[in-house]
file input_32.cif (mmCIF, C-alpha atoms)
data_entry
#
loop_
_atom_site.label_atom_id
_atom_site.label_comp_id
_atom_site.auth_asym_id
_atom_site.auth_seq_id
_atom_site.Cartn_x
_atom_site.Cartn_y
_atom_site.Cartn_z
CA MET C 1 33.16 -29.03 1.54
CA ASN C 2 32.34 -31.67 -1.00
CA LEU C 3 28.66 -32.17 -1.50
CA GLY C 4 27.40 -35.13 -3.44
CA ALA C 5 24.87 -34.62 -6.20
CA LYS C 6 22.18 -35.96 -3.90
CA GLU C 7 23.06 -33.48 -1.17
CA ILE C 8 22.92 -30.60 -3.63
CA MET C 9 19.55 -31.78 -4.92
CA LYS C 10 18.30 -31.95 -1.35
CA GLN C 11 19.53 -28.44 -0.67
CA THR C 12 17.99 -27.06 -3.86
CA ARG C 13 14.69 -28.63 -2.96
CA ALA C 14 14.80 -27.11 0.52
CA VAL C 15 15.52 -23.70 -0.98
CA GLU C 16 12.70 -24.02 -3.48
CA MET C 17 10.29 -25.12 -0.77
CA GLY C 18 11.35 -22.20 1.40
CA ALA C 19 10.85 -19.76 -1.46
CA GLY C 20 7.49 -21.30 -2.28
CA LEU C 21 6.36 -21.12 1.32
CA PHE C 22 7.47 -17.50 1.50
CA VAL C 23 5.59 -16.53 -1.67
CA LEU C 24 2.44 -18.32 -0.49
CA LEU C 25 2.62 -16.54 2.86
CA GLY C 26 3.09 -13.25 1.00
CA PHE C 27 0.04 -13.90 -1.16
CA GLY C 28 -1.91 -14.82 1.95
CA ALA C 29 -0.90 -11.56 3.61
CA LEU C 30 -1.88 -9.54 0.51
CA PHE C 31 -5.21 -11.35 0.41
CA PHE C 32 -5.73 -10.59 4.10
CA LEU C 33 -4.98 -6.90 3.56
CA ILE C 34 -7.31 -6.54 0.62
CA THR C 35 -10.25 -8.53 1.95
CA GLN C 36 -10.05 -8.16 5.72
CA THR C 37 -8.92 -4.60 6.30
CA THR C 38 -10.97 -2.90 3.59
CA GLY C 39 -14.68 -2.55 3.22
CA LEU C 40 -14.58 -4.90 0.24
CA SER C 41 -16.17 -7.77 2.15
CA ASN C 42 -19.33 -5.82 2.94
CA GLU C 43 -19.51 -4.23 -0.48
CA ILE C 44 -22.66 -4.79 -2.53
CA GLY C 45 -20.65 -4.91 -5.75
CA ASN C 46 -22.70 -4.70 -8.91
CA ASN C 47 -25.58 -6.83 -7.72
CA GLY C 48 -28.09 -4.11 -7.27
CA TYR C 49 -30.35 -1.59 -8.91
CA THR C 50 -29.90 2.16 -9.18
CA ILE C 51 -32.44 4.73 -8.12
CA ASN C 52 -32.01 8.48 -8.00
CA ALA C 53 -33.27 11.42 -6.02
CA ARG C 54 -33.13 15.20 -6.42
CA PHE C 55 -31.97 17.42 -3.57
CA GLU C 56 -31.86 21.20 -3.22
CA ASN C 57 -28.59 20.85 -1.32
CA VAL C 58 -26.49 17.73 -0.82
CA GLY C 59 -24.23 19.35 1.77
CA ASP C 60 -21.17 17.24 2.44
CA LEU C 61 -22.48 14.02 0.91
CA LYS C 62 -19.77 11.96 -0.78
CA ILE C 63 -19.75 9.20 -3.36
CA ARG C 64 -19.79 5.77 -1.63
CA ALA C 65 -21.68 7.23 1.32
CA PRO C 66 -24.08 4.64 2.76
CA VAL C 67 -27.79 4.54 2.00
CA THR C 68 -29.71 3.27 5.01
CA ILE C 69 -33.22 2.33 5.96
CA SER C 70 -34.08 2.02 9.66
CA GLY C 71 -30.35 2.41 10.24
CA VAL C 72 -29.43 -0.63 8.17
CA THR C 73 -27.07 -0.02 5.24
CA ILE C 74 -28.77 -1.24 2.07
CA GLY C 75 -26.76 0.56 -0.60
CA ARG C 76 -24.21 3.17 -1.59
CA VAL C 77 -24.25 6.55 -3.32
CA THR C 78 -22.76 6.02 -6.79
CA SER C 79 -22.82 9.51 -8.29
CA ILE C 80 -23.61 13.09 -7.38
CA ALA C 81 -24.20 15.58 -10.18
CA TYR C 82 -25.72 19.01 -10.67
CA ASP C 83 -28.57 19.36 -13.14
CA PRO C 84 -28.32 22.88 -14.65
CA GLU C 85 -31.81 22.70 -16.14
CA ARG C 86 -33.74 22.03 -12.98
CA MET C 87 -31.07 23.65 -10.82
CA ASN C 88 -30.73 20.98 -8.22
CA ALA C 89 -28.48 18.04 -7.42
CA VAL C 90 -29.13 14.53 -8.71
CA VAL C 91 -27.87 11.75 -6.46
CA GLU C 92 -27.74 8.22 -7.83
CA MET C 93 -27.54 5.33 -5.45
CA MET C 94 -27.22 1.59 -5.85
CA ILE C 95 -29.44 -0.55 -3.65
CA ALA C 96 -28.58 -4.20 -3.02
CA ASP C 97 -30.79 -6.70 -4.81
CA GLN C 98 -32.22 -8.27 -1.65
CA TYR C 99 -33.96 -4.98 -0.86
CA ARG C 100 -36.26 -4.97 -3.87
CA GLN C 101 -39.39 -4.08 -1.97
CA LEU C 102 -39.05 -0.37 -1.25
CA PRO C 103 -42.34 1.55 -1.62
CA ASP C 104 -42.09 4.10 -4.44
CA ASP C 105 -43.36 6.91 -2.21
CA SER C 106 -40.44 6.50 0.21
CA GLU C 107 -38.70 9.60 1.43
CA ALA C 108 -34.94 10.24 1.16
CA ALA C 109 -33.16 12.57 3.57
CA ILE C 110 -29.52 13.53 3.87
CA LEU C 111 -28.52 12.97 7.48
CA THR C 112 -25.34 13.23 9.52
CA ALA C 113 -23.87 10.34 11.47
CA GLY C 114 -22.84 11.62 14.88
CA LEU C 115 -21.45 15.06 15.60
CA ILE C 116 -18.43 14.87 13.29
CA GLY C 117 -19.44 11.83 11.26
CA GLY C 118 -19.93 11.72 7.52
CA GLN C 119 -23.26 12.30 5.82
CA TYR C 120 -25.45 9.51 4.55
CA ILE C 121 -28.86 9.05 2.95
CA GLY C 122 -31.64 7.79 5.17
CA LEU C 123 -34.72 6.33 3.50
CA THR C 124 -38.09 6.32 5.23
CA PRO C 125 -40.50 3.81 3.70
CA GLY C 126 -43.84 5.12 2.47
CA GLY C 127 -47.19 3.33 2.25
CA SER C 128 -47.39 2.57 -1.44
CA GLU C 129 -47.86 -0.98 -2.70
CA THR C 130 -45.69 -0.49 -5.78
CA TRP C 131 -41.95 -0.76 -5.46
CA LEU C 132 -39.01 1.35 -6.59
CA GLU C 133 -37.34 -0.11 -9.67
CA GLN C 134 -34.14 0.33 -11.66
CA GLY C 135 -33.95 4.00 -12.66
CA SER C 136 -36.94 5.23 -10.70
CA GLN C 137 -36.82 8.50 -8.83
CA ILE C 138 -37.64 9.23 -5.22
CA GLU C 139 -40.11 12.13 -5.20
CA PHE C 140 -39.96 13.17 -1.58
CA THR C 141 -36.56 14.39 -0.47
CA GLN C 142 -35.13 16.41 2.36
CA SER C 143 -31.90 18.33 1.82
CA ALA C 144 -28.86 18.34 4.02
CA VAL C 145 -29.03 20.66 6.96
CA VAL C 146 -26.38 23.34 6.54
CA LEU C 147 -25.17 24.57 9.89
CA GLU C 148 -24.84 28.20 8.78
CA ASN C 149 -28.47 28.31 7.61
CA LEU C 150 -29.59 26.78 10.86
CA ILE C 151 -27.69 29.35 12.90
CA GLY C 152 -29.01 32.10 10.66
CA LYS C 153 -32.59 30.95 11.24
CA PHE C 154 -32.00 30.69 14.96
CA LEU C 155 -30.53 34.19 15.12
CA SER C 156 -33.35 35.73 13.11
CA SER C 157 -35.96 33.98 15.25
CA VAL C 158 -34.26 35.21 18.40
CA GLY C 159 -34.08 38.70 16.87
CA GLY C 160 -37.77 38.50 15.88
CA GLY C 161 -38.72 37.62 19.44
CA ASN C 162 -37.32 40.89 20.74
CA MET D 1 39.73 29.31 -3.51
CA LYS D 2 40.25 27.78 -6.89
CA ASP D 3 40.87 24.30 -5.43
CA TRP D 4 37.66 24.59 -3.58
CA ILE D 5 35.65 25.28 -6.74
CA CYS D 6 37.48 22.48 -8.53
CA GLU D 7 36.58 20.04 -5.79
CA ILE D 8 32.93 20.94 -5.96
CA ARG D 9 33.00 20.57 -9.72
CA GLU D 10 34.62 17.17 -9.47
CA GLY D 11 32.13 16.13 -6.87
CA ILE D 12 29.20 17.13 -9.07
CA GLU D 13 30.81 15.40 -12.03
CA ALA D 14 31.32 12.20 -10.08
CA PHE D 15 27.73 12.29 -8.88
CA LEU D 16 26.36 12.84 -12.38
CA ARG D 17 28.51 10.03 -13.72
CA SER D 18 27.34 7.59 -11.10
CA VAL D 19 23.71 8.51 -11.79
CA GLY D 20 24.29 7.96 -15.49
CA GLU D 21 26.11 4.70 -14.85
CA LEU D 22 23.30 3.54 -12.60
CA THR D 23 20.71 4.34 -15.26
CA LEU D 24 22.61 2.42 -17.94
CA PHE D 25 23.12 -0.45 -15.51
CA PHE D 26 19.38 -0.48 -14.82
CA PHE D 27 18.52 -0.58 -18.54
CA ASN D 28 21.00 -3.37 -19.04
CA ILE D 29 19.33 -5.35 -16.27
CA ALA D 30 15.81 -4.51 -17.41
CA ILE D 31 16.47 -5.66 -20.97
CA TYR D 32 17.82 -9.08 -19.98
CA SER D 33 15.51 -9.63 -17.00
CA PRO D 34 12.58 -11.27 -18.83
CA ARG D 35 14.93 -13.68 -20.59
CA THR D 36 16.57 -14.69 -17.33
CA LEU D 37 13.20 -15.15 -15.72
CA VAL D 38 12.14 -17.55 -18.48
CA ARG D 39 15.39 -19.43 -19.03
CA ARG D 40 16.82 -19.66 -15.53
CA PRO D 41 13.86 -19.46 -13.15
CA GLY D 42 15.72 -21.69 -10.70
CA LEU D 43 18.32 -19.00 -10.09
CA VAL D 44 15.60 -16.44 -9.37
CA VAL D 45 13.75 -18.79 -7.01
CA GLN D 46 16.95 -19.31 -5.07
CA GLN D 47 17.37 -15.54 -4.70
CA VAL D 48 13.74 -15.11 -3.66
CA PHE D 49 14.63 -17.53 -0.88
CA ASN D 50 17.82 -15.66 0.02
CA SER D 51 16.29 -12.18 -0.01
CA GLY D 52 12.74 -13.00 0.99
CA ALA D 53 12.43 -16.07 3.14
CA MET D 54 15.71 -15.35 4.95
CA SER D 55 14.44 -11.85 5.86
CA MET D 56 11.31 -13.23 7.50
CA THR D 57 12.70 -13.18 11.05
CA ILE D 58 13.57 -9.49 11.01
CA ILE D 59 10.35 -8.58 9.19
CA LEU D 60 8.11 -10.52 11.58
CA THR D 61 9.82 -9.25 14.73
CA CYS D 62 10.01 -5.63 13.64
CA GLY D 63 6.50 -5.71 12.19
CA LEU D 64 5.01 -7.02 15.40
CA PHE D 65 6.66 -4.37 17.53
CA VAL D 66 5.97 -1.51 15.12
CA GLY D 67 2.32 -2.54 15.25
CA MET D 68 2.35 -2.73 19.03
CA VAL D 69 3.91 0.73 19.28
CA LEU D 70 1.31 2.09 16.86
CA GLY D 71 -1.41 0.52 18.99
CA LEU D 72 -0.04 2.15 22.12
CA GLN D 73 0.72 5.58 20.64
CA GLY D 74 -2.48 5.61 18.60
CA PHE D 75 -4.53 4.73 21.66
CA ASP D 76 -2.85 7.39 23.76
CA THR D 77 -3.43 10.08 21.13
CA LEU D 78 -6.92 9.06 20.07
CA GLN D 79 -8.32 8.68 23.58
CA ARG D 80 -7.59 12.36 24.15
CA PHE D 81 -10.27 13.02 21.54
CA GLY D 82 -12.45 10.22 22.83
CA ALA D 83 -11.96 8.50 19.49
CA GLU D 84 -10.08 5.34 20.49
CA GLU D 85 -12.48 3.25 18.39
CA ALA D 86 -10.70 4.69 15.35
CA LEU D 87 -7.51 2.87 16.40
CA GLY D 88 -7.99 0.15 13.77
CA THR D 89 -8.35 2.72 11.01
CA PHE D 90 -5.43 4.75 12.31
CA ALA D 91 -3.06 1.80 12.57
CA THR D 92 -4.07 0.18 9.29
CA LEU D 93 -3.94 3.35 7.22
CA SER D 94 -0.54 4.36 8.63
CA LEU D 95 0.83 0.88 8.05
CA VAL D 96 -0.61 0.05 4.68
CA LYS D 97 0.10 3.40 3.05
CA GLU D 98 3.30 4.53 4.70
CA LEU D 99 5.10 2.63 7.41
CA GLY D 100 4.81 -0.83 5.86
CA PRO D 101 6.45 -0.11 2.50
CA VAL D 102 9.06 2.31 3.86
CA LEU D 103 10.16 0.33 6.91
CA THR D 104 10.21 -2.91 4.95
CA ALA D 105 12.40 -1.28 2.30
CA LEU D 106 14.80 0.01 4.96
CA LEU D 107 14.90 -3.35 6.77
CA PHE D 108 15.30 -5.12 3.45
CA SER D 109 18.28 -2.98 2.51
CA GLY D 110 19.82 -3.67 5.90
CA ARG D 111 19.29 -7.41 5.79
CA ALA D 112 19.22 -8.47 2.14
CA GLY D 113 20.69 -5.44 0.33
CA THR D 114 23.94 -5.53 2.28
CA ALA D 115 24.20 -9.27 1.74
CA LEU D 116 23.78 -8.82 -2.02
CA ALA D 117 26.26 -5.95 -2.20
CA SER D 118 28.96 -7.69 -0.20
CA GLU D 119 28.44 -10.99 -2.02
CA ILE D 120 28.78 -9.42 -5.46
CA GLY D 121 31.54 -7.11 -4.21
CA LEU D 122 33.53 -10.08 -2.93
CA MET D 123 33.05 -11.86 -6.24
CA ARG D 124 34.51 -8.77 -7.87
CA ALA D 125 37.37 -8.56 -5.37
CA THR D 126 38.27 -12.23 -5.77
CA ASP D 127 38.10 -11.97 -9.57
CA GLN D 128 35.21 -14.41 -9.87
CA LEU D 129 33.34 -11.99 -12.12
CA ALA D 130 36.41 -11.60 -14.33
CA ALA D 131 36.73 -15.40 -14.47
CA MET D 132 33.15 -15.66 -15.66
CA GLU D 133 33.79 -13.14 -18.38
CA MET D 134 36.77 -15.25 -19.47
CA MET D 135 34.43 -18.22 -19.83
CA ALA D 136 32.08 -16.06 -21.92
CA VAL D 137 29.47 -16.09 -19.14
CA ASP D 138 27.96 -12.64 -18.69
CA PRO D 139 28.14 -11.93 -14.94
CA VAL D 140 25.30 -9.45 -15.22
CA ARG D 141 22.98 -12.15 -16.50
CA ARG D 142 24.31 -14.99 -14.38
CA ILE D 143 24.88 -13.18 -11.06
CA VAL D 144 23.31 -9.73 -11.00
CA ILE D 145 19.92 -10.24 -12.65
CA PRO D 146 18.74 -13.23 -10.57
CA ARG D 147 19.63 -11.35 -7.39
CA PHE D 148 17.89 -8.21 -8.61
CA LEU D 149 14.75 -10.12 -9.60
CA GLY D 150 14.76 -12.05 -6.33
CA GLY D 151 14.65 -8.77 -4.42
CA VAL D 152 11.97 -7.30 -6.70
CA VAL D 153 9.75 -10.35 -6.18
CA ALA D 154 10.38 -10.55 -2.45
CA MET D 155 9.67 -6.95 -1.50
CA PRO D 156 5.89 -6.75 -2.06
CA PHE D 157 5.41 -10.01 -0.18
CA LEU D 158 7.64 -8.90 2.67
CA THR D 159 5.67 -5.66 2.86
CA ALA D 160 2.34 -7.49 2.96
CA ILE D 161 3.61 -9.83 5.67
CA PHE D 162 4.97 -6.87 7.63
CA ASN D 163 1.61 -5.09 7.40
CA MET D 164 -0.35 -8.15 8.44
CA ILE D 165 1.75 -8.90 11.50
CA ALA D 166 1.80 -5.19 12.44
CA ILE D 167 -2.00 -4.96 12.30
CA PHE D 168 -2.12 -7.93 14.64
CA GLY D 169 0.39 -6.15 16.88
CA ALA D 170 -1.85 -3.07 17.00
CA PHE D 171 -4.85 -5.30 17.64
CA LEU D 172 -3.01 -7.07 20.44
CA VAL D 173 -2.14 -3.87 22.28
CA GLY D 174 -5.26 -1.88 21.43
CA VAL D 175 -7.90 -4.53 22.04
CA THR D 176 -6.26 -6.99 24.43
CA PHE D 177 -4.26 -4.62 26.64
CA MET D 178 -6.02 -1.28 26.29
CA GLY D 179 -9.59 -2.45 26.02
CA VAL D 180 -10.67 -0.92 22.71
CA ASP D 181 -13.85 -2.61 21.55
CA GLN D 182 -12.96 -5.45 19.21
CA GLY D 183 -15.95 -4.92 16.92
CA ALA D 184 -15.31 -1.19 16.64
CA PHE D 185 -11.64 -1.83 15.88
CA TRP D 186 -12.47 -3.92 12.81
CA SER D 187 -15.69 -2.25 11.65
CA GLN D 188 -14.18 1.25 11.71
CA MET D 189 -11.28 -0.18 9.75
CA HIS D 190 -13.61 -1.76 7.19
CA ALA D 191 -15.58 1.44 6.84
CA ASN D 192 -12.58 3.67 6.24
CA VAL D 193 -9.84 1.65 4.56
CA THR D 194 -10.38 1.26 0.84
CA VAL D 195 -8.82 -1.06 -1.72
CA ALA D 196 -7.18 2.05 -3.21
CA ASP D 197 -5.31 2.58 0.07
CA VAL D 198 -3.98 -0.97 -0.01
CA ASN D 199 -3.04 -0.61 -3.67
CA GLN D 200 -1.14 2.55 -2.89
CA GLY D 201 1.04 0.55 -0.53
CA VAL D 202 1.49 -2.25 -3.04
CA ILE D 203 2.62 0.20 -5.73
CA LYS D 204 5.06 1.73 -3.28
CA SER D 205 6.46 -1.65 -2.29
CA LEU D 206 6.95 -2.60 -5.96
CA VAL D 207 8.87 0.61 -6.64
CA PHE D 208 10.91 0.27 -3.43
CA GLY D 209 11.67 -3.35 -4.33
CA ILE D 210 13.14 -2.27 -7.65
CA VAL D 211 15.09 0.61 -6.07
CA ALA D 212 16.49 -1.32 -3.10
CA SER D 213 17.52 -4.33 -5.18
CA LEU D 214 18.99 -2.21 -7.96
CA LEU D 215 21.07 -0.10 -5.60
CA ALA D 216 22.34 -3.19 -3.77
CA VAL D 217 23.49 -5.06 -6.88
CA TYR D 218 24.83 -1.85 -8.41
CA GLN D 219 26.95 -0.99 -5.37
CA GLY D 220 28.27 -4.53 -5.24
CA TYR D 221 28.98 -4.73 -8.94
CA THR D 222 30.81 -1.41 -9.10
CA SER D 223 32.68 -1.78 -5.80
CA VAL D 224 36.41 -1.20 -5.66
CA PRO D 225 37.92 -4.74 -5.62
CA THR D 226 39.54 -4.50 -2.20
CA ALA D 227 38.42 -5.44 1.30
CA GLU D 228 37.87 -1.76 2.02
CA GLY D 229 35.98 -1.27 -1.22
CA VAL D 230 33.55 -4.08 -0.41
CA GLY D 231 32.96 -2.60 3.02
CA ARG D 232 32.27 0.79 1.52
CA ALA D 233 29.92 -0.66 -1.08
CA THR D 234 27.93 -2.30 1.71
CA THR D 235 27.66 0.95 3.64
CA ARG D 236 26.74 2.89 0.52
CA THR D 237 23.97 0.40 -0.21
CA VAL D 238 22.20 1.21 3.05
CA VAL D 239 22.79 4.95 2.81
CA THR D 240 21.75 5.39 -0.83
CA THR D 241 18.74 3.10 -0.41
CA ALA D 242 17.52 4.99 2.66
CA ILE D 243 17.88 8.36 0.96
CA THR D 244 16.34 7.26 -2.34
CA VAL D 245 13.46 5.41 -0.72
CA LEU D 246 12.50 8.33 1.50
CA ILE D 247 12.69 10.88 -1.32
CA LEU D 248 10.77 8.59 -3.68
CA ASP D 249 8.24 7.98 -0.93
CA TYR D 250 7.34 11.64 -0.84
CA LEU D 251 7.09 11.84 -4.63
CA LEU D 252 4.99 8.67 -4.81
CA THR D 253 2.69 9.84 -2.05
CA ALA D 254 2.21 13.19 -3.77
CA THR D 255 1.44 11.44 -7.06
CA LEU D 256 -0.86 8.81 -5.61
CA ILE D 257 -2.79 11.16 -3.35
CA GLY D 258 -2.95 14.12 -5.76
#
call {"tool": "encode", "arguments": {"input": "input_32.cif", "output": "structure tokens"}}
result
Amino acid sequence: MNLGAKEIMKQTRAVEMGAGLFVLLGFGALFFLITQTTGLSNEIGNNGYTINARFENVGDLKIRAPVTISGVTIGRVTSIAYDPERMNAVVEMMIADQYRQLPDDSEAAILTAGLIGGQYIGLTPGGSETWLEQGSQIEFTQSAVVLENLIGKFLSSVGGGN
Amino acid sequence: MKDWICEIREGIEAFLRSVGELTLFFFNIAIYSPRTLVRRPGLVVQQVFNSGAMSMTIILTCGLFVGMVLGLQGFDTLQRFGAEEALGTFATLSLVKELGPVLTALLFSGRAGTALASEIGLMRATDQLAAMEMMAVDPVRRIVIPRFLGGVVAMPFLTAIFNMIAIFGAFLVGVTFMGVDQGAFWSQMHANVTVADVNQGVIKSLVFGIVASLLAVYQGYTSVPTAEGVGRATTRTVVTTAITVLILDYLLTATLIG
């Protein structure tokens, strides 16, 4: 098989185009996986402000758990730490910038999504006319409900009734 | 009795020697790889075409059906818990973290690895490699490294393409045939799949790309220069790649999850 120089050039170009097409398709697939299958697209990124709240018990709350108001996700939990001085848990959360106007007497509660769902923070707006800002703290909080405590209370109330 | 012990000893010795040889071979390739990539990129591009673009048919077909099976099996299992909305999460996590990289590596070794091994093995058997050495052309740099690099470049892309088509396969069966809610399929996936999960798969595919390509070129390069030897090198490529990839997969998973 004798190929002329032109034929070889043609073949090389076809191979290079094929390889290029393949690599582009591969990049496209990677891009699809990273942006379309992960939660990256509805991430608030770093465009937000952090507020914190103190809880007696955070239960099963995890970092990156959603922060919601009226059921709408407006932010994410960014850190959970224990404060040994005041002996309670400090939860920091980042709220997206478009939700600047949260009254500073809002209440934060740790709630559970569904029967076996993860825990999240639900905010209930207060009546104040001043807003929460970067670094401000939510005063009114409600801890996670721990099932064992609930059962314990129920049992003791049943026992008390007798 | 004594022969028996001797045989075992020889077997262990041979194994150790081949591991050592493979390691040296790998270092030899690794040292000259950047230079080849810069000086002869054309050769590498050609091998990306041979290993990558030419494997597209098998990757697309297998990916689609693996995804469809996942959709079917996942639906069947999840609906017993009343959790069929989690099908998107289930399929994507299994694919991205586990099935995609591993199956692609196995398919790659079957399609491209055997081609590399038999090609290089035949060059050895027909004395083409010796002829190159006579002309002061290093066959490792001219033949082996471009093929190795082509495989290393191709594997992550093949894996990503496999994953993408498989997710569509799962979507097709789950949503179109089985009636899982389309919104729930994607939103549950978005809520539960993280970039770290995807990265885990990418890291795996990079490692598997190096392993599968290295074993293929190594088996070809060290094959016995006979027709039988080339055949055996081809078989060994698939066997050693499958074993190494599956063992490494466990180790990688343990490292990446732990």
call {"tool": "atom_distance", "arguments": {"input": "input_32.cif", "atom1": "CA of Leu93 in chain D", "atom2": "CA of Arg76 in chain C"}}
result
22.1 Å
call {"tool": "closest_residue", "arguments": {"input": "input_32.cif", "among": "D:Met155, D:Leu87, D:Val38, D:Leu149", "to": "Gly209 in chain D", "atoms": "all atoms listed in the file"}}
result
D:Met155
call {"tool": "interface_residues", "arguments": {"input": "input_32.cif", "of": "chain C", "to": "chain D", "cutoff": "12 Å", "atoms": "all atoms listed in the file", "output": "number ranges by chain"}}
result
C: 11-43, 64-66, 73, 116-118
call {"tool": "closest_residue", "arguments": {"input": "input_32.cif", "among": "C:Ala144, C:Ala53, C:Leu123, C:Ile110", "to": "Ile69 in chain C", "atoms": "all atoms listed in the file"}}
result
C:Leu123
call {"tool": "closest_residue", "arguments": {"input": "input_32.cif", "among": "D:Pro146, D:Pro225, D:Gly169, D:Gly174", "to": "Ser33 in chain D", "atoms": "all atoms listed in the file"}}
result
D:Pro146
call {"tool": "residues_around", "arguments": {"input": "input_32.cif", "residues": "Glu119 in chain D", "least_positions_apart": "3", "cutoff": "10 Å", "atoms": "all atoms listed in the file", "output": "list of chain:residue names"}}
result
D:Gly113, D:Thr114, D:Ala115, D:Leu116, D:Leu122, D:Met123, D:Arg124, D:Ala125, D:Ile143, D:Val217, D:Gly220, D:Tyr221, D:Val230, D:Thr234
call {"tool": "atom_distance", "arguments": {"input": "input_32.cif", "atom1": "CA of Thr124 in chain C", "atom2": "CA of Glu107 in chain C"}}
result
5.1 Å
call {"tool": "closest_residue", "arguments": {"input": "input_32.cif", "among": "D:Val239, D:Val69, D:Val144, D:Leu256", "to": "Thr222 in chain D", "atoms": "only C-alpha atoms"}}
result
D:Val144
call {"tool": "build_atoms", "arguments": {"input": "input_32.cif", "residues": "range 14-27 of chain C", "atoms": "N, CA and C atoms", "output": "mmCIF file, in the coordinates of the input"}}
result
data_model
loop_
_atom_site.group_PDB
_atom_site.id
_atom_site.type_symbol
_atom_site.label_atom_id
_atom_site.label_comp_id
_atom_site.auth_asym_id
_atom_site.auth_seq_id
_atom_site.Cartn_x
_atom_site.Cartn_y
_atom_site.Cartn_z
ATOM 1 N N ALA C 14 15.128 -27.856 -0.706
ATOM 2 C CA ALA C 14 14.800 -27.110 0.520
ATOM 3 C C ALA C 14 14.656 -25.630 0.211
ATOM 4 N N VAL C 15 15.579 -25.116 -0.617
ATOM 5 C CA VAL C 15 15.520 -23.700 -0.980
ATOM 6 C C VAL C 15 14.239 -23.397 -1.734
ATOM 7 N N GLU C 16 13.913 -24.263 -2.694
ATOM 8 C CA GLU C 16 12.700 -24.020 -3.480
ATOM 9 C C GLU C 16 11.460 -24.076 -2.609
ATOM 10 N N MET C 17 11.440 -25.027 -1.669
ATOM 11 C CA MET C 17 10.290 -25.120 -0.770
ATOM 12 C C MET C 17 10.195 -23.873 0.089
ATOM 13 N N GLY C 18 11.340 -23.410 0.583
ATOM 14 C CA GLY C 18 11.350 -22.200 1.400
ATOM 15 C C GLY C 18 10.814 -21.016 0.618
ATOM 16 N N ALA C 19 11.295 -20.870 -0.628
ATOM 17 C CA ALA C 19 10.850 -19.760 -1.460
ATOM 18 C C ALA C 19 9.352 -19.867 -1.731
ATOM 19 N N GLY C 20 8.909 -21.100 -2.008
ATOM 20 C CA GLY C 20 7.490 -21.300 -2.280
ATOM 21 C C GLY C 20 6.634 -20.945 -1.083
ATOM 22 N N LEU C 21 7.082 -21.394 0.088
ATOM 23 C CA LEU C 21 6.360 -21.120 1.320
ATOM 24 C C LEU C 21 6.267 -19.612 1.555
ATOM 25 N N PHE C 22 7.403 -18.945 1.311
ATOM 26 C CA PHE C 22 7.470 -17.500 1.500
ATOM 27 C C PHE C 22 6.484 -16.784 0.582
ATOM 28 N N VAL C 23 6.484 -17.184 -0.706
ATOM 29 C CA VAL C 23 5.590 -16.530 -1.670
ATOM 30 C C VAL C 23 4.130 -16.775 -1.302
ATOM 31 N N LEU C 24 3.823 -18.013 -0.881
ATOM 32 C CA LEU C 24 2.440 -18.320 -0.490
ATOM 33 C C LEU C 24 2.016 -17.457 0.702
ATOM 34 N N LEU C 25 2.911 -17.362 1.680
ATOM 35 C CA LEU C 25 2.620 -16.540 2.860
ATOM 36 C C LEU C 25 2.394 -15.088 2.444
ATOM 37 N N GLY C 26 3.238 -14.621 1.497
ATOM 38 C CA GLY C 26 3.090 -13.250 1.000
ATOM 39 C C GLY C 26 1.753 -13.033 0.341
ATOM 40 N N PHE C 27 1.357 -14.002 -0.506
ATOM 41 C CA PHE C 27 0.040 -13.900 -1.160
ATOM 42 C C PHE C 27 -1.071 -13.894 -0.120
#
